[in-house]
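The structure under discussion appears below in the form of structure tokens.
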Amino acid sequence: MVEKKLAAPDFDLKLTLESGQVFHWAASGGGFLGLIGDVPAHVEQCGKELRVRSAHPEIVSDYLALDHPLSNIQASFPADDAMREAAAFCRGLRIIRQPVWECLATFITSSMKQVAHIRQMSVAIRERFGKRVEFEGAQLFCYPPPERLARASEADLRACGLGYRAKHLLATAKLIASGAVDLETLQTMSDTEALEALRSLPGVGAKIANCVLLFAYERLRAFPIDVWIERVLRETYFKRKRNVTAERLRLFSETYFGEFGGYAQQYLFHHARVTSRKSRTS
DNA sequence: CTCCAGGTTCCGG
DNA sequence: CCGGAACATGGA
């Protein structure tokens with residue numbers, strides 16, 4: 001396998017792959033080993049360049065969104081202290097372009113689960129139902145397509161640790177496998193239309209729909225509000241204000257954070273999560 | 001053992 | 001329309 005070098009300014013591979021937007025990459029030989037769809041790749045960062053071993057390095061480059069204008073994106077953020085601190089903490093973190101189905105499916109399993117659990121479930125589903133790929137002596141497993149999960153049983157999925165989420169994932173897989181819903185047509189829809197289309201799927205509410213818009217449909221304005229972000233919003237922008245409804249938070253975040261609100265959201269999320277964990281363990 | 005996790009859905013007021 | 005409860009599982 002030939003190694004290809006990619007220029008990667010304003011990029012932090014580890015931060016990007018471990019910030020809770022994608023869950024299946026494994027640390028390996030100083031870099032990361034994983035699949036992009038069914039294309040295996042090993043990626044290692046050496047300063048401002050990436051060393052990529054893959055049959056399709058151009059797919060890796062596109063996946064990692066090395067073309068996103070990161071300095072423009074950071075410049076678009078609101079100029080408050082919390083945002084500045086999060087942006088400095090997350091320098092080089094990019095929102096990647098994930099395959100739609102595996103992003104949707106893994107986020108359906110994410111509700112009320114810690115990032116470590118989401119990873120476990122994702123790996124279990126891949127190993128149980130996914131196509132096996134050999135790469136550099138390692139065994140990798142593709143995320144199973146909707147058609148495959150549609151003919152699994154709810155018990156099979158529960159065996160992967162999904163709990164009540166099994167029912168949702170199965171129902172959504174069936175809707176897509178049957179053709180009742182076509183994820184590809186969402187590409188042509190407006191953000192609002194695509195959000196509603198996603199929300200019509202079992203187990204997909206506002207938060208997960210926004211994650212899929214942001215992480216798979218490259219709608220960089222999408223702003224998922226989870227427990228962490230809600231905490232940040234309330235404590236930072238609505239300090240000591242009562243009766244702040246979820247709707248109020250939604251309207252605020254849609255306008256305040258601007259054109260690249262999804263990036264702002266991911267930075268605030270990751271910063272809050274990591275600093276909170278440090279303060280608990282030290 | 002208790003608490004909580006990148007929520008969604010369903011139900012009663 | 002709105003607040004609250006149920007829903008499963010596992011790591012800290």
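Following the order of the structure tokens, first chain is A, next is B, and so on, with residues numbered from 1 inside each chain and ligands from 1 in the order they appear.
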
Counting only C-alpha atoms (C1' of nucleotides), chain B residues within 10 Å of chain A, as a ChimeraX atom specification: /B:4-9

Counting only C-alpha atoms (C1' of nucleotides), give me one row per residue of chain C with an atom at most 7 Å from an atom of chain A, showing the shortest contact pair and its distance in Å to one decimal, sorted by chain then residue number, as JSON lines.
```
{"residue": "C:DC7", "atom": "C1'", "partner": "A:Tyr164", "partner_atom": "CA", "distance": 6.0}
{"residue": "C:DA8", "atom": "C1'", "partner": "A:Gly163", "partner_atom": "CA", "distance": 4.3}
{"residue": "C:DT9", "atom": "C1'", "partner": "A:Gly163", "partner_atom": "CA", "distance": 6.5}
```

Members of range 39-221 of chain A assigned strand (DSSP E or B) by DSSP, as a PDB file with C-alpha atoms, in the first residue's frame:
```
ATOM      1  CA  VAL A  39     -13.071   1.904   2.076  1.00  0.00           C
ATOM      2  CA  PRO A  40     -10.412   1.054   4.669  1.00  0.00           C
ATOM      3  CA  ALA A  41      -7.805   3.633   5.601  1.00  0.00           C
ATOM      4  CA  HIS A  42      -4.986   4.300   8.007  1.00  0.00           C
ATOM      5  CA  VAL A  43      -4.364   7.958   8.770  1.00  0.00           C
ATOM      6  CA  GLU A  44      -1.556   9.445  10.819  1.00  0.00           C
ATOM      7  CA  GLN A  45      -0.850  13.074  11.538  1.00  0.00           C
ATOM      8  CA  CYS A  46       2.718  14.379  11.428  1.00  0.00           C
ATOM      9  CA  GLU A  49       0.638  16.825   7.031  1.00  0.00           C
ATOM     10  CA  LEU A  50      -1.381  13.630   7.012  1.00  0.00           C
ATOM     11  CA  ARG A  51       0.084  10.287   6.007  1.00  0.00           C
ATOM     12  CA  VAL A  52      -2.681   8.255   4.438  1.00  0.00           C
ATOM     13  CA  ARG A  53      -2.618   4.602   3.471  1.00  0.00           C
ATOM     14  CA  SER A  54      -5.719   3.792   1.449  1.00  0.00           C
ATOM     15  CA  ARG A 132     -15.757  -7.938   6.901  1.00  0.00           C
ATOM     16  CA  VAL A 133     -12.813  -6.202   5.226  1.00  0.00           C
ATOM     17  CA  GLU A 134      -9.154  -7.181   5.536  1.00  0.00           C
ATOM     18  CA  PHE A 135      -6.689  -4.322   5.681  1.00  0.00           C
ATOM     19  CA  ALA A 138      -6.471  -6.240  10.520  1.00  0.00           C
ATOM     20  CA  GLN A 139     -10.156  -7.161  10.393  1.00  0.00           C
ATOM     21  CA  LEU A 140     -12.475  -4.215   9.847  1.00  0.00           C
ATOM     22  CA  PHE A 141     -16.262  -4.287   9.672  1.00  0.00           C
TER      23      PHE A 141
END
```

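The coordinates place CA of Glu259 in chain A at 25.3 Å from CA of Val60 in chain A.
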
Filtered DSSP result for range 114-154 of chain A, state helix (DSSP H, G or I), as a ChimeraX atom specification: /A:115-129,146-150,154

Which of A:Tyr256, A:Met121, A:Thr185, A:Leu157 sits closest to DG10 in chain C [using only C-alpha atoms (C1' of nucleotides)]: A:Met121

Straight-line distance linking CA of Ala222 in chain A with CA of Trp101 in chain A, stated in Å to one decimal: 17.8 Å

All residues 12 Å or closer to Val232 in chain A, only C-alpha atoms (C1' of nucleotides), same chain fewer than 2 positions away omitted, as JSON, numbers by chain: {"A": [82, 83, 86, 225, 226, 227, 228, 229, 230, 234, 235, 236, 237, 238, 239, 249, 253, 264, 265, 266, 267, 268, 269, 270, 271, 272, 273, 276]}

Contacts of Cys103 in chain A at 10 Å (only C-alpha atoms (C1' of nucleotides); same-chain gap of 6+ positions) as a PyMOL selection string: chain A and resi 21-23+97+143+208+211-213+215-217

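The spacing separating CA of Ala209 in chain A from CA of Pro145 in chain A amounts to 18.9 Å.
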
12 Å contact set for DC11 in chain B, only C-alpha atoms (C1' of nucleotides), chain neighbours under 3 positions out, as a list in words: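 After dropping sequence-adjacent residues, the list is DC2, DG3, DG4, DA5 and DA6 of chain C.
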
Output N, CA and C atoms (P, O5', C5', C4', C3', O3' and C1' of nucleotides) for every residue in that selection, as an mmCIF file, in the first residue's frame.
```
data_model
loop_
_atom_site.group_PDB
_atom_site.id
_atom_site.type_symbol
_atom_site.label_atom_id
_atom_site.label_comp_id
_atom_site.auth_asym_id
_atom_site.auth_seq_id
_atom_site.Cartn_x
_atom_site.Cartn_y
_atom_site.Cartn_z
ATOM 1 P P DC C 2 -46.447 25.087 24.352
ATOM 2 O "O5'" DC C 2 -46.447 24.275 25.731
ATOM 3 C "C5'" DC C 2 -47.261 24.729 26.819
ATOM 4 C "C4'" DC C 2 -47.062 23.801 28.007
ATOM 5 C "C3'" DC C 2 -45.598 23.359 28.174
ATOM 6 O "O3'" DC C 2 -45.179 23.535 29.506
ATOM 7 C "C1'" DC C 2 -47.049 21.464 28.090
ATOM 8 P P DG C 3 -43.619 23.347 29.907
ATOM 9 O "O5'" DG C 3 -43.735 22.227 31.038
ATOM 10 C "C5'" DG C 3 -44.652 22.409 32.122
ATOM 11 C "C4'" DG C 3 -44.798 21.100 32.865
ATOM 12 C "C3'" DG C 3 -43.475 20.477 33.312
ATOM 13 O "O3'" DG C 3 -43.638 19.934 34.616
ATOM 14 C "C1'" DG C 3 -44.605 18.986 31.837
ATOM 15 P P DG C 4 -42.407 19.179 35.323
ATOM 16 O "O5'" DG C 4 -42.824 17.653 35.112
ATOM 17 C "C5'" DG C 4 -44.157 17.241 35.449
ATOM 18 C "C4'" DG C 4 -44.289 15.756 35.222
ATOM 19 C "C3'" DG C 4 -43.067 14.952 35.662
ATOM 20 O "O3'" DG C 4 -43.511 13.759 36.303
ATOM 21 C "C1'" DG C 4 -43.516 14.551 33.371
ATOM 22 P P DA C 5 -42.466 12.780 36.988
ATOM 23 O "O5'" DA C 5 -42.712 11.427 36.181
ATOM 24 C "C5'" DA C 5 -44.053 11.023 35.916
ATOM 25 C "C4'" DA C 5 -44.030 9.822 34.992
ATOM 26 C "C3'" DA C 5 -42.918 8.819 35.313
ATOM 27 O "O3'" DA C 5 -43.436 7.501 35.186
ATOM 28 C "C1'" DA C 5 -42.663 9.612 33.086
ATOM 29 P P DA C 6 -42.541 6.255 35.568
ATOM 30 O "O5'" DA C 6 -42.341 5.589 34.131
ATOM 31 C "C5'" DA C 6 -43.467 5.445 33.281
ATOM 32 C "C4'" DA C 6 -43.025 4.830 31.964
ATOM 33 C "C3'" DA C 6 -41.957 3.738 32.112
ATOM 34 O "O3'" DA C 6 -42.266 2.671 31.238
ATOM 35 C "C1'" DA C 6 -41.139 5.482 30.721
#
```
